[in-house]
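Q: For reference, this is query.cif, and it has mmCIF, C-alpha atoms and all ligand atoms.
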```cif
data_model
#
loop_
_atom_site.label_atom_id
_atom_site.label_comp_id
_atom_site.auth_asym_id
_atom_site.auth_seq_id
_atom_site.Cartn_x
_atom_site.Cartn_y
_atom_site.Cartn_z
CA MET A 7 0.00 0.00 0.00
CA GLU A 8 0.96 3.64 -0.29
CA ILE A 9 0.97 5.87 2.76
CA VAL A 10 1.11 9.60 3.52
CA ILE A 11 3.04 11.15 6.40
CA VAL A 12 1.74 14.63 7.26
CA GLY A 13 4.34 17.13 8.52
CA SER A 14 7.72 18.52 7.59
CA GLY A 15 10.08 18.00 10.52
CA GLY A 16 12.66 15.56 11.81
CA ARG A 17 9.84 13.62 13.46
CA GLU A 18 8.18 12.92 10.13
CA TYR A 19 11.52 12.17 8.47
CA SER A 20 12.32 9.60 11.19
CA ILE A 21 8.94 7.87 10.78
CA GLY A 22 9.51 7.72 7.03
CA LEU A 23 13.04 6.39 7.47
CA ALA A 24 11.86 3.67 9.86
CA LEU A 25 9.04 2.61 7.52
CA GLN A 26 11.03 2.87 4.32
CA SER A 27 12.18 -0.75 4.37
CA GLU A 28 8.75 -2.12 5.31
CA CYS A 29 7.77 -4.61 2.64
CA LYS A 30 4.04 -3.87 2.98
CA ILE A 31 4.64 -0.28 1.86
CA ASP A 32 4.92 0.49 -1.85
CA GLY A 33 5.50 4.20 -1.49
CA ILE A 34 5.57 7.07 0.99
CA TYR A 35 4.25 10.59 0.36
CA PHE A 36 5.18 13.46 2.65
CA TYR A 37 2.72 16.33 2.99
CA PRO A 38 4.47 18.72 2.68
CA GLY A 39 7.79 17.13 3.78
CA ASN A 40 11.18 18.85 3.63
CA GLY A 41 14.23 18.98 1.38
CA ALA A 42 15.36 15.51 2.51
CA THR A 43 12.08 13.58 2.78
CA SER A 44 11.99 13.72 -1.02
CA LYS A 45 14.82 11.14 -0.90
CA LEU A 46 12.67 8.75 1.15
CA GLY A 47 9.52 9.21 -0.90
CA LYS A 48 7.68 11.95 -2.71
CA ASN A 49 6.77 15.38 -1.34
CA ILE A 50 3.27 16.62 -2.11
CA ASP A 51 1.59 19.94 -1.41
CA PHE A 52 -1.93 21.27 -1.75
CA LYS A 53 -3.62 24.61 -1.28
CA THR A 54 -6.66 23.23 0.51
CA GLN A 55 -7.64 20.30 2.70
CA LYS A 56 -10.16 19.34 0.02
CA GLU A 57 -7.41 18.95 -2.58
CA PHE A 58 -5.46 16.79 -0.16
CA LEU A 59 -8.50 14.62 0.50
CA ASP A 60 -9.13 14.21 -3.24
CA PHE A 61 -5.51 13.09 -3.68
CA VAL A 62 -5.75 10.56 -0.85
CA LEU A 63 -8.97 9.11 -2.26
CA MET A 64 -7.83 9.03 -5.86
CA GLN A 65 -4.48 7.48 -4.98
CA ARG A 66 -6.18 4.92 -2.71
CA ILE A 67 -3.83 5.75 0.14
CA GLY A 68 -3.85 2.92 2.70
CA LEU A 69 -2.77 4.90 5.76
CA VAL A 70 -2.26 8.55 6.69
CA ILE A 71 0.04 9.24 9.66
CA ILE A 72 -0.40 12.75 11.06
CA GLY A 73 2.78 14.02 12.77
CA PRO A 74 2.13 17.51 14.22
CA GLU A 75 -0.56 18.67 16.64
CA ALA A 76 -2.00 21.57 14.64
CA PRO A 77 -3.71 19.51 11.91
CA LEU A 78 -5.01 17.12 14.59
CA VAL A 79 -6.54 19.92 16.64
CA GLU A 80 -8.02 21.32 13.40
CA GLY A 81 -9.75 18.00 12.68
CA LEU A 82 -7.76 16.51 9.78
CA ALA A 83 -8.11 12.98 11.22
CA ASP A 84 -11.90 13.40 11.41
CA ILE A 85 -12.19 14.42 7.78
CA LEU A 86 -10.02 11.52 6.61
CA ARG A 87 -11.90 8.95 8.73
CA GLU A 88 -15.28 10.25 7.59
CA ASN A 89 -14.08 9.40 4.10
CA GLY A 90 -13.08 5.88 5.08
CA ILE A 91 -9.33 6.44 5.21
CA ALA A 92 -7.23 4.66 7.83
CA THR A 93 -5.67 7.46 9.87
CA PHE A 94 -3.09 7.48 12.64
CA GLY A 95 -3.88 10.36 14.99
CA PRO A 96 -6.75 11.41 17.25
CA SER A 97 -9.98 13.22 16.36
CA ALA A 98 -10.23 16.95 17.03
CA LYS A 99 -12.25 16.25 20.16
CA ALA A 100 -9.67 13.79 21.51
CA ALA A 101 -6.85 16.18 20.51
CA ARG A 102 -8.20 18.65 23.09
CA LEU A 103 -6.07 16.71 25.56
CA GLU A 104 -3.23 18.76 24.06
CA GLY A 105 -5.15 21.65 22.53
CA SER A 106 -6.70 22.83 25.80
CA LYS A 107 -4.90 22.63 29.11
CA ALA A 108 -8.11 23.50 30.96
CA TYR A 109 -9.91 20.58 29.30
CA MET A 110 -7.01 18.24 30.10
CA LYS A 111 -6.93 19.27 33.78
CA GLU A 112 -10.71 18.94 34.20
CA PHE A 113 -10.54 15.53 32.49
CA ALA A 114 -7.76 14.42 34.85
CA LYS A 115 -9.78 15.60 37.85
CA ARG A 116 -12.93 13.79 36.67
CA TYR A 117 -11.11 10.50 36.18
CA ASP A 118 -8.88 10.70 39.26
CA ILE A 119 -5.64 10.97 37.33
CA PRO A 120 -2.88 12.36 39.57
CA THR A 121 -1.95 15.90 38.51
CA ALA A 122 -0.94 19.15 40.24
CA GLY A 123 -3.69 20.98 42.15
CA PHE A 124 -5.13 23.75 39.95
CA ILE A 125 -7.90 26.05 38.92
CA GLN A 126 -8.83 27.08 35.41
CA THR A 127 -10.35 30.49 35.01
CA GLN A 128 -11.01 33.48 32.77
CA ASP A 129 -11.19 35.81 35.71
CA TYR A 130 -8.23 37.76 37.10
CA GLU A 131 -9.61 38.11 40.65
CA GLU A 132 -10.25 34.38 40.86
CA ALA A 133 -6.73 33.67 39.58
CA CYS A 134 -5.24 35.99 42.23
CA ALA A 135 -7.26 34.43 45.04
CA PHE A 136 -5.97 30.96 44.09
CA ILE A 137 -2.40 32.21 43.62
CA ASP A 138 -2.50 33.48 47.22
CA THR A 139 -3.26 29.95 48.48
CA LEU A 140 -0.15 28.40 46.85
CA ASN A 141 3.52 28.30 47.77
CA THR A 142 6.02 29.78 45.32
CA PRO A 143 7.06 29.04 42.63
CA ILE A 144 3.66 29.10 40.94
CA VAL A 145 2.84 27.71 37.52
CA VAL A 146 0.64 29.75 35.15
CA LYS A 147 -0.40 28.23 31.82
CA ALA A 148 -2.22 29.59 28.81
CA ASP A 149 -5.05 27.23 27.86
CA GLY A 150 -4.44 26.92 24.11
CA LEU A 151 -1.57 25.90 21.84
CA CYS A 152 1.37 28.33 22.21
CA ALA A 153 4.18 26.43 20.48
CA GLY A 154 5.59 25.31 23.83
CA LYS A 155 5.83 28.86 25.22
CA GLY A 156 2.59 29.08 27.17
CA VAL A 157 3.86 27.83 30.54
CA ILE A 158 5.41 30.29 32.99
CA ILE A 159 6.99 29.27 36.28
CA ALA A 160 6.61 32.43 38.37
CA GLN A 161 9.02 32.89 41.26
CA SER A 162 6.87 35.31 43.26
CA TYR A 163 3.19 36.07 43.88
CA ALA A 164 3.56 39.42 42.12
CA GLU A 165 5.07 37.76 39.03
CA ALA A 166 2.35 35.07 38.93
CA LYS A 167 -0.35 37.76 39.06
CA GLN A 168 1.35 39.84 36.39
CA VAL A 169 1.66 36.79 34.10
CA ALA A 170 -2.00 35.91 34.72
CA LYS A 171 -3.06 39.48 33.89
CA GLU A 172 -1.10 39.55 30.63
CA MET A 173 -2.44 36.19 29.52
CA LEU A 174 -6.07 36.96 30.40
CA SER A 175 -6.01 40.34 28.66
CA GLY A 176 -4.87 38.60 25.46
CA LYS A 177 -1.60 40.55 25.52
CA SER A 178 0.79 37.60 25.70
CA PHE A 179 -0.96 34.78 23.82
CA ALA A 180 -4.09 36.32 22.25
CA GLU A 181 -7.07 33.91 22.32
CA ALA A 182 -4.93 31.01 23.59
CA GLY A 183 -4.43 32.85 26.91
CA LYS A 184 -7.98 34.04 27.57
CA THR A 185 -8.47 31.01 29.77
CA ILE A 186 -5.60 30.12 32.07
CA VAL A 187 -4.66 27.28 34.36
CA VAL A 188 -2.93 28.19 37.62
CA GLU A 189 -1.34 25.25 39.35
CA GLU A 190 0.95 24.20 42.14
CA PHE A 191 4.61 23.62 41.34
CA LEU A 192 5.74 20.00 41.52
CA GLU A 193 9.33 19.19 42.30
CA GLY A 194 10.85 15.97 41.02
CA PHE A 195 12.22 14.64 37.75
CA GLU A 196 10.47 14.66 34.41
CA LEU A 197 9.84 11.77 32.04
CA SER A 198 8.13 11.52 28.67
CA VAL A 199 6.18 8.31 28.27
CA PHE A 200 4.76 7.54 24.83
CA ALA A 201 1.87 5.17 24.25
CA MET A 202 0.63 4.15 20.81
CA CYS A 203 -3.13 3.66 21.21
CA ASP A 204 -6.00 2.24 19.15
CA GLY A 205 -8.82 3.74 21.24
CA LYS A 206 -8.89 0.79 23.64
CA ASP A 207 -5.50 -0.86 23.91
CA PHE A 208 -2.01 0.61 23.91
CA ILE A 209 1.66 -0.22 23.80
CA VAL A 210 4.19 1.76 25.80
CA LEU A 211 7.50 2.70 24.20
CA PRO A 212 10.78 3.14 26.09
CA ALA A 213 10.67 6.32 28.22
CA ALA A 214 12.49 9.21 26.59
CA GLN A 215 14.13 12.33 27.93
CA ASP A 216 14.21 15.60 26.06
CA HIS A 217 16.65 18.52 26.62
CA LYS A 218 14.61 21.70 26.38
CA ARG A 219 17.23 24.36 27.02
CA LEU A 220 19.49 25.70 24.29
CA LEU A 221 22.81 25.37 26.12
CA ASP A 222 24.81 22.77 28.03
CA GLU A 223 23.93 22.17 31.69
CA ASP A 224 20.33 23.13 30.92
CA LYS A 225 21.15 26.83 30.56
CA GLY A 226 19.79 29.37 28.11
CA PRO A 227 16.29 29.79 26.68
CA ASN A 228 13.72 27.06 26.11
CA THR A 229 13.63 25.49 22.67
CA GLY A 230 11.56 22.86 20.89
CA GLY A 231 14.14 20.34 22.16
CA MET A 232 17.91 20.11 21.64
CA GLY A 233 18.32 16.37 21.97
CA ALA A 234 16.82 13.24 23.44
CA TYR A 235 17.63 9.72 24.46
CA ALA A 236 15.73 6.56 25.26
CA PRO A 237 15.32 4.53 27.31
CA SER A 238 15.89 6.72 30.34
CA PRO A 239 17.44 4.85 33.28
CA LEU A 240 15.29 7.04 35.54
CA ALA A 241 12.19 5.21 34.33
CA SER A 242 12.09 2.10 36.46
CA ASP A 243 9.66 -0.69 35.59
CA LYS A 244 7.72 0.29 38.70
CA ILE A 245 7.29 3.90 37.58
CA ILE A 246 6.28 2.88 34.07
CA GLU A 247 3.72 0.46 35.48
CA GLU A 248 2.36 3.23 37.67
CA VAL A 249 2.12 5.58 34.65
CA LYS A 250 0.17 2.88 32.80
CA GLN A 251 -2.24 2.15 35.63
CA SER A 252 -2.77 5.64 37.03
CA ILE A 253 -2.56 7.73 33.83
CA ILE A 254 -2.83 5.82 30.53
CA VAL A 255 -5.53 3.26 31.40
CA PRO A 256 -7.92 5.78 33.01
CA THR A 257 -7.32 8.21 30.14
CA LEU A 258 -8.23 5.69 27.43
CA ASP A 259 -11.20 4.46 29.48
CA GLY A 260 -12.36 7.99 30.25
CA MET A 261 -12.03 9.21 26.66
CA ALA A 262 -14.00 6.19 25.39
CA LYS A 263 -16.65 6.75 28.06
CA ASP A 264 -16.94 10.43 27.06
CA GLY A 265 -17.51 9.36 23.46
CA ASN A 266 -14.09 10.53 22.23
CA PRO A 267 -11.99 7.36 22.01
CA PHE A 268 -8.32 8.22 21.76
CA SER A 269 -6.22 6.72 18.99
CA GLY A 270 -2.74 7.76 17.92
CA THR A 271 0.18 8.71 20.13
CA LEU A 272 -0.51 9.70 23.71
CA PHE A 273 2.58 11.53 24.96
CA CYS A 274 2.42 11.76 28.74
CA GLY A 275 4.68 14.41 30.24
CA VAL A 276 5.02 13.39 33.88
CA MET A 277 6.77 14.69 36.95
CA VAL A 278 7.89 11.93 39.29
CA VAL A 279 7.62 13.16 42.86
CA LYS A 280 8.86 10.72 45.52
CA ASP A 281 8.37 7.75 43.15
CA LYS A 282 4.85 8.79 42.17
CA PRO A 283 4.15 10.05 38.64
CA TYR A 284 1.94 13.13 38.23
CA LEU A 285 0.59 14.16 34.86
CA LEU A 286 1.99 17.54 33.74
CA GLU A 287 0.68 17.55 30.21
CA PHE A 288 -0.55 15.42 27.38
CA ASN A 289 0.52 15.78 23.81
CA VAL A 290 -1.38 13.90 21.15
CA ARG A 291 1.54 13.16 18.85
CA PHE A 292 5.14 12.03 19.03
CA GLY A 293 7.59 14.50 20.55
CA ASP A 294 10.30 15.99 18.39
CA PRO A 295 13.21 15.01 18.89
CA GLU A 296 11.90 12.09 21.00
CA CYS A 297 10.42 10.43 17.92
CA GLU A 298 13.84 10.40 16.26
CA VAL A 299 15.23 8.21 19.07
CA LEU A 300 12.16 5.99 19.45
CA MET A 301 11.63 4.94 15.84
CA PRO A 302 15.06 3.25 15.57
CA LEU A 303 14.27 1.14 18.66
CA PHE A 304 11.59 -0.80 16.77
CA LYS A 305 13.06 -4.04 15.47
CA GLU A 306 9.84 -5.42 14.11
CA GLY A 307 6.19 -4.55 13.68
CA LEU A 308 6.30 -0.72 13.60
CA PHE A 309 4.11 -0.43 10.53
CA ASP A 310 1.63 -2.97 11.92
CA CYS A 311 1.42 -0.89 15.11
CA PHE A 312 0.69 2.31 13.15
CA LEU A 313 -1.95 0.54 11.07
CA ALA A 314 -3.58 -1.15 14.07
CA CYS A 315 -3.77 2.16 15.94
CA ALA A 316 -5.72 3.48 12.96
CA ASN A 317 -7.94 0.43 12.43
CA GLY A 318 -8.13 -1.22 15.86
CA GLY A 319 -6.72 -4.58 16.87
CA LEU A 320 -3.46 -3.37 18.43
CA LYS A 321 -3.79 -6.16 20.99
CA ASN A 322 -3.03 -8.77 18.34
CA VAL A 323 -0.02 -7.06 16.78
CA GLN A 324 3.40 -8.66 17.10
CA TYR A 325 6.15 -6.14 17.57
CA ARG A 326 9.65 -6.20 18.97
CA LEU A 327 11.64 -3.40 20.58
CA SER A 328 15.41 -3.29 20.82
CA GLU A 329 17.23 -3.45 24.14
CA GLU A 330 19.65 -0.83 22.86
CA VAL A 331 19.95 2.85 23.75
CA CYS A 332 19.34 5.57 21.19
CA VAL A 333 20.65 9.15 21.47
CA GLY A 334 19.75 12.09 19.24
CA VAL A 335 21.69 15.37 19.11
CA VAL A 336 19.83 18.26 17.49
CA VAL A 337 21.90 20.57 15.29
CA THR A 338 20.34 24.00 14.79
CA SER A 339 20.96 27.05 12.69
CA LYS A 340 23.04 29.95 14.02
CA ASP A 341 20.37 32.18 15.51
CA TYR A 342 17.94 29.54 16.76
CA PRO A 343 15.69 30.04 18.72
CA TYR A 344 15.88 33.85 18.54
CA LYS A 345 15.45 34.59 14.86
CA SER A 346 15.73 33.00 11.47
CA SER A 347 19.21 32.48 10.03
CA LYS A 348 20.73 32.92 6.62
CA LYS A 349 20.34 29.86 4.42
CA THR A 350 23.53 27.91 4.11
CA LYS A 351 24.75 24.75 2.42
CA ILE A 352 25.11 21.56 4.51
CA ARG A 353 27.98 19.14 4.01
CA PHE A 354 27.96 15.74 5.65
CA THR A 355 29.72 12.44 5.20
CA THR A 356 27.61 10.12 7.38
CA GLN A 357 25.99 7.34 5.42
CA ASN A 358 22.96 5.87 7.12
CA SER A 359 23.87 2.67 8.93
CA ALA A 360 22.25 0.46 11.55
CA ASP A 361 23.85 2.44 14.37
CA ALA A 362 24.08 6.03 13.11
CA HIS A 363 22.05 8.24 10.82
CA ILE A 364 20.81 11.77 10.33
CA SER A 365 17.13 12.75 10.59
CA PHE A 366 16.63 15.92 8.57
CA ALA A 367 14.27 18.69 9.65
CA GLY A 368 14.81 22.36 8.67
CA VAL A 369 16.29 21.69 5.25
CA SER A 370 15.47 22.53 1.68
CA GLN A 371 16.91 21.35 -1.57
CA GLU A 372 18.51 23.59 -4.17
CA GLY A 373 19.74 21.64 -7.15
CA GLU A 374 21.94 18.91 -5.74
CA ASP A 375 22.61 20.84 -2.52
CA LEU A 376 20.93 20.37 0.81
CA ILE A 377 20.41 23.76 2.46
CA ALA A 378 19.95 24.53 6.16
CA SER A 379 16.82 26.63 6.00
CA GLY A 380 16.57 27.50 9.69
CA GLY A 381 15.43 26.37 13.13
CA ARG A 382 16.28 22.84 14.09
CA VAL A 383 18.10 21.69 10.98
CA LEU A 384 18.84 18.03 11.64
CA VAL A 385 19.24 15.39 14.34
CA CYS A 386 22.28 13.11 14.55
CA VAL A 387 21.17 9.77 15.92
CA GLY A 388 23.41 7.08 17.40
CA LYS A 389 22.44 3.65 18.72
CA GLY A 390 24.50 1.42 20.99
CA ASN A 391 24.46 -1.27 23.63
CA ASN A 392 24.73 1.35 26.35
CA VAL A 393 24.44 5.11 26.76
CA GLU A 394 28.20 5.76 26.34
CA GLU A 395 28.27 3.91 23.05
CA ALA A 396 25.14 5.59 21.71
CA VAL A 397 26.41 9.05 22.75
CA LYS A 398 29.72 8.41 21.02
CA LYS A 399 28.04 7.35 17.81
CA ALA A 400 25.69 10.32 17.84
CA TYR A 401 28.57 12.79 18.34
CA ASN A 402 30.70 11.06 15.68
CA CYS A 403 27.80 11.68 13.38
CA VAL A 404 27.70 15.37 14.42
CA GLU A 405 31.42 15.62 13.57
CA SER A 406 30.61 14.54 10.05
CA VAL A 407 28.24 17.49 9.55
CA GLU A 408 29.29 20.97 8.62
CA PHE A 409 27.41 24.15 7.91
CA GLU A 410 27.96 27.79 8.75
CA GLY A 411 26.80 28.73 12.26
CA MET A 412 25.73 25.22 13.29
CA GLN A 413 25.11 24.89 17.03
CA TYR A 414 24.37 21.92 19.24
CA ARG A 415 24.62 20.82 22.85
CA LYS A 416 27.65 18.78 23.89
CA ASP A 417 26.00 17.08 26.85
CA ILE A 418 22.99 15.19 25.53
CA ALA A 419 22.13 12.24 27.82
CA TYR A 420 24.26 13.66 30.64
CA GLN A 421 21.62 12.57 33.16
CA ALA A 422 22.17 8.95 32.15
CA LEU A 423 25.98 9.26 32.35
CA ARG A 424 26.15 11.09 35.67
CA ASP A 425 26.61 8.16 38.07
P1 LIG B 1 3.74 21.65 29.99
O1 LIG B 1 3.70 22.21 28.60
O2 LIG B 1 2.46 21.75 30.73
O3 LIG B 1 4.36 20.28 30.08
O4 LIG B 1 4.83 22.53 30.73
C1 LIG B 1 6.10 22.74 30.18
C2 LIG B 1 7.15 22.52 31.23
O5 LIG B 1 6.88 23.34 32.37
C3 LIG B 1 7.18 21.08 31.78
O6 LIG B 1 7.94 20.26 30.96
C4 LIG B 1 7.78 21.32 33.14
O7 LIG B 1 9.18 21.44 33.06
C5 LIG B 1 7.22 22.65 33.57
N1 LIG B 1 5.99 22.47 34.37
C6 LIG B 1 4.71 22.46 33.92
N2 LIG B 1 3.85 22.29 34.93
C7 LIG B 1 4.58 22.18 36.06
C8 LIG B 1 4.27 21.97 37.44
N3 LIG B 1 3.02 21.87 37.87
N4 LIG B 1 5.30 21.89 38.29
C9 LIG B 1 6.58 22.00 37.88
N5 LIG B 1 6.93 22.21 36.61
C10 LIG B 1 5.96 22.29 35.69
N1 LIG B 2 10.15 17.63 22.45
C1 LIG B 2 8.96 18.10 23.00
C2 LIG B 2 7.82 18.23 22.08
O1 LIG B 2 7.82 17.73 20.98
O2 LIG B 2 6.85 18.86 22.46
#
```
Show this structure as structure tokens.
A:
Amino acid sequence: MEIVIVGSGGREYSIGLALQSECKIDGIYFYPGNGATSKLGKNIDFKTQKEFLDFVLMQRIGLVIIGPEAPLVEGLADILRENGIATFGPSAKAARLEGSKAYMKEFAKRYDIPTAGFIQTQDYEEACAFIDTLNTPIVVKADGLCAGKGVIIAQSYAEAKQVAKEMLSGKSFAEAGKTIVVEEFLEGFELSVFAMCDGKDFIVLPAAQDHKRLLDEDKGPNTGGMGAYAPSPLASDKIIEEVKQSIIVPTLDGMAKDGNPFSGTLFCGVMVVKDKPYLLEFNVRFGDPECEVLMPLFKEGLFDCFLACANGGLKNVQYRLSEEVCVGVVVTSKDYPYKSSKKTKIRFTTQNSADAHISFAGVSQEGEDLIASGGRVLVCVGKGNNVEEAVKKAYNCVESVEFEGMQYRKDIAYQALRD
């Protein structure tokens, strides 16, 4: 069958790369893809959703995998399913788990899912009254999608109130901030747990850890993610089991009960406080760059998992995950994340192999040249029997890349190497 992967980042590239050798797939389209996905398949682009739908129907596409959150929240999966197309990704209603923090928190409260104490409100006075009941620091979140920037950890009461005021007035995040969530600060360590779900059943992938800050030692501004590794040694079997029982199972049950069964990727951002996981956030898609280190850990059955999440029957799918460790180092353009950078030619010598490859993201093609077109340009991925080996392979891969102004962190996976 032919499939379409929706999106244009390293996440979508890594899914395409992992599925490329799948014998059940005759061809992969990327909508819209990037300058490197055209080497894995064919890039397509359309002006309207209708044109895309017509293409999918005419081409008899067997599966559409939706990578990013925006098209999910906008209902692309609904439109495809209404037209009988197997689709990996939740409906717009189920995607509210990511699209609205207020909805997510109320859902967690209703189904007894452990999460930080909170209120959601549109009213400044109410926000202030709740802020006064908390200890500092205090977490203030804009309800809607804010490209990862809508969460502020305020260090004082005055700051929390100021942040709340600016969000509620629409000044900081426009409509997305007109409802806010104010919540207590949880102190512990963070884990990202990914479950592929078919509405009823799920499989849990190795826990991953992202590196949000731009610079080594977690300094500098927040970014989309500067690197990741999986599995994280911090995720004991006991913690993962607890995440399954106290977060994933009640979420799938609750969503089904509410009439919005959840299928696709449920990305649980959790804070582990004294061995107990608390839900910080849900995302309804794979993380980027987490996806780039999870896809290579599938030894068998990845495509069957994607298809079963779309069609049901995940329970009967045979799949096999590697015992290895995978590390991904993000290489960005010069001025990321502050402003866009001048386009520049990329040179690299790494050939894809079983234990090292590049996942391309912010790239375009000009003639025979691959051009860094800005943002997170590519991810160098290494796989090994242990963290040291995987780190070494990932950084060897980075050494093989060259473009003007390239920047990357030198300490990806440091948490796993510390002891
Ligand atoms: P979110 O988008 O809700 O996951 O928040 C982004 C980041 O803010 C998380 O990855 C945490 O580092 C931090 N954060 C969010 N909520 C809390 C909380 N209640 N306590 C401590 N840190 C938090
Ligand atoms: N790496 C975090 C995210 O994709 O949201």
Q: Measuring between all atoms listed in the file, which one of A:Pro283, A:Gly123, A:Gly270, A:Gly388 shows the shortest distance to ligand LIG 1 (chain B)?
A: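 For ligand LIG 1 (chain B), the nearest of the candidates is A:Gly123.
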Q: Ligand LIG 1 (chain B): which residues are within 10 Å, counting all atoms listed in the file, as a PyMOL selection string?
A: chain A and resi 104+107+121-124+143-149+151-159+187-198+216-218+228+274-277+284-289
Q: For the contact check between chain A and ligand LIG 2 (chain B), emit one row per residue of chain A within 9 Å, containing the shortest atom pair and the distance in Å rounded to one decimal, counting all atoms listed in the file, chain then rising number order, as JSON lines.
A:
```
{"residue": "A:Arg17", "atom": "CA", "partner": "B:LIG2", "partner_atom": "O1", "distance": 8.8}
{"residue": "A:Pro74", "atom": "CA", "partner": "B:LIG2", "partner_atom": "O1", "distance": 8.8}
{"residue": "A:Ala153", "atom": "CA", "partner": "B:LIG2", "partner_atom": "O2", "distance": 8.3}
{"residue": "A:Gly154", "atom": "CA", "partner": "B:LIG2", "partner_atom": "O2", "distance": 6.7}
{"residue": "A:Ser198", "atom": "CA", "partner": "B:LIG2", "partner_atom": "C1", "distance": 8.7}
{"residue": "A:Gln215", "atom": "CA", "partner": "B:LIG2", "partner_atom": "N1", "distance": 8.6}
{"residue": "A:Asp216", "atom": "CA", "partner": "B:LIG2", "partner_atom": "N1", "distance": 5.8}
{"residue": "A:His217", "atom": "CA", "partner": "B:LIG2", "partner_atom": "N1", "distance": 7.8}
{"residue": "A:Lys218", "atom": "CA", "partner": "B:LIG2", "partner_atom": "N1", "distance": 7.2}
{"residue": "A:Thr229", "atom": "CA", "partner": "B:LIG2", "partner_atom": "N1", "distance": 8.6}
{"residue": "A:Gly230", "atom": "CA", "partner": "B:LIG2", "partner_atom": "N1", "distance": 5.6}
{"residue": "A:Gly231", "atom": "CA", "partner": "B:LIG2", "partner_atom": "N1", "distance": 4.8}
{"residue": "A:Met232", "atom": "CA", "partner": "B:LIG2", "partner_atom": "N1", "distance": 8.2}
{"residue": "A:Gly233", "atom": "CA", "partner": "B:LIG2", "partner_atom": "N1", "distance": 8.3}
{"residue": "A:Ala234", "atom": "CA", "partner": "B:LIG2", "partner_atom": "N1", "distance": 8.0}
{"residue": "A:Phe273", "atom": "CA", "partner": "B:LIG2", "partner_atom": "O2", "distance": 8.8}
{"residue": "A:Asn289", "atom": "CA", "partner": "B:LIG2", "partner_atom": "O2", "distance": 7.2}
{"residue": "A:Arg291", "atom": "CA", "partner": "B:LIG2", "partner_atom": "O1", "distance": 8.1}
{"residue": "A:Phe292", "atom": "CA", "partner": "B:LIG2", "partner_atom": "O1", "distance": 6.6}
{"residue": "A:Gly293", "atom": "CA", "partner": "B:LIG2", "partner_atom": "O1", "distance": 3.3}
{"residue": "A:Asp294", "atom": "CA", "partner": "B:LIG2", "partner_atom": "O1", "distance": 4.0}
{"residue": "A:Pro295", "atom": "CA", "partner": "B:LIG2", "partner_atom": "N1", "distance": 5.4}
{"residue": "A:Glu296", "atom": "CA", "partner": "B:LIG2", "partner_atom": "N1", "distance": 6.0}
{"residue": "A:Cys297", "atom": "CA", "partner": "B:LIG2", "partner_atom": "O1", "distance": 8.3}
```
Q: Just how far from CA of Ser406 in chain A is CA of Ser370 in chain A, in Å to one decimal?
A: 19.1 Å
Q: Using all atoms listed in the file, find the one residue out of A:Leu140, A:Leu384, A:Ala316, A:Cys203 that sits nearest to Glu298 in chain A.
A: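 Result for the nearest residue to Glu298 in chain A: A:Leu384.
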Q: Kindly give the distance, in Å, that separates CA of Ile9 in chain A and CA of Gly33 in chain A, rounded to a single decimal.
A: 6.4 Å
Q: What lies within 10 Å of Lys351 in chain A using only C-alpha atoms, ignoring chain neighbours under 3 positions off, as a ChimeraX atom specification?
A: /A:369-372,375-379,408-410
Q: Quick one: distance from CA of Thr43 in chain A to CA of Val299 in chain A in Å, one decimal?
A: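 Taking CA of Thr43 in chain A as the start and CA of Val299 in chain A as the end point, the length is 17.4 Å.
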Q: Restricting the calculation to only C-alpha atoms: of A:Ser252, A:Ser328, A:Ser347, A:Asn322, which residue gets closest to Glu306 in chain A?
A: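 Smallest separation from Glu306 in chain A among the options: A:Ser328.
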Q: Identify the residues around (-6.1, 29.6, 26.8) within a radius of 6 Å, measuring from all atoms listed in the file in the coordinates stated by the file, and give them as a VMD selection string.
A: chain A and resid 148 to 150 182 to 186
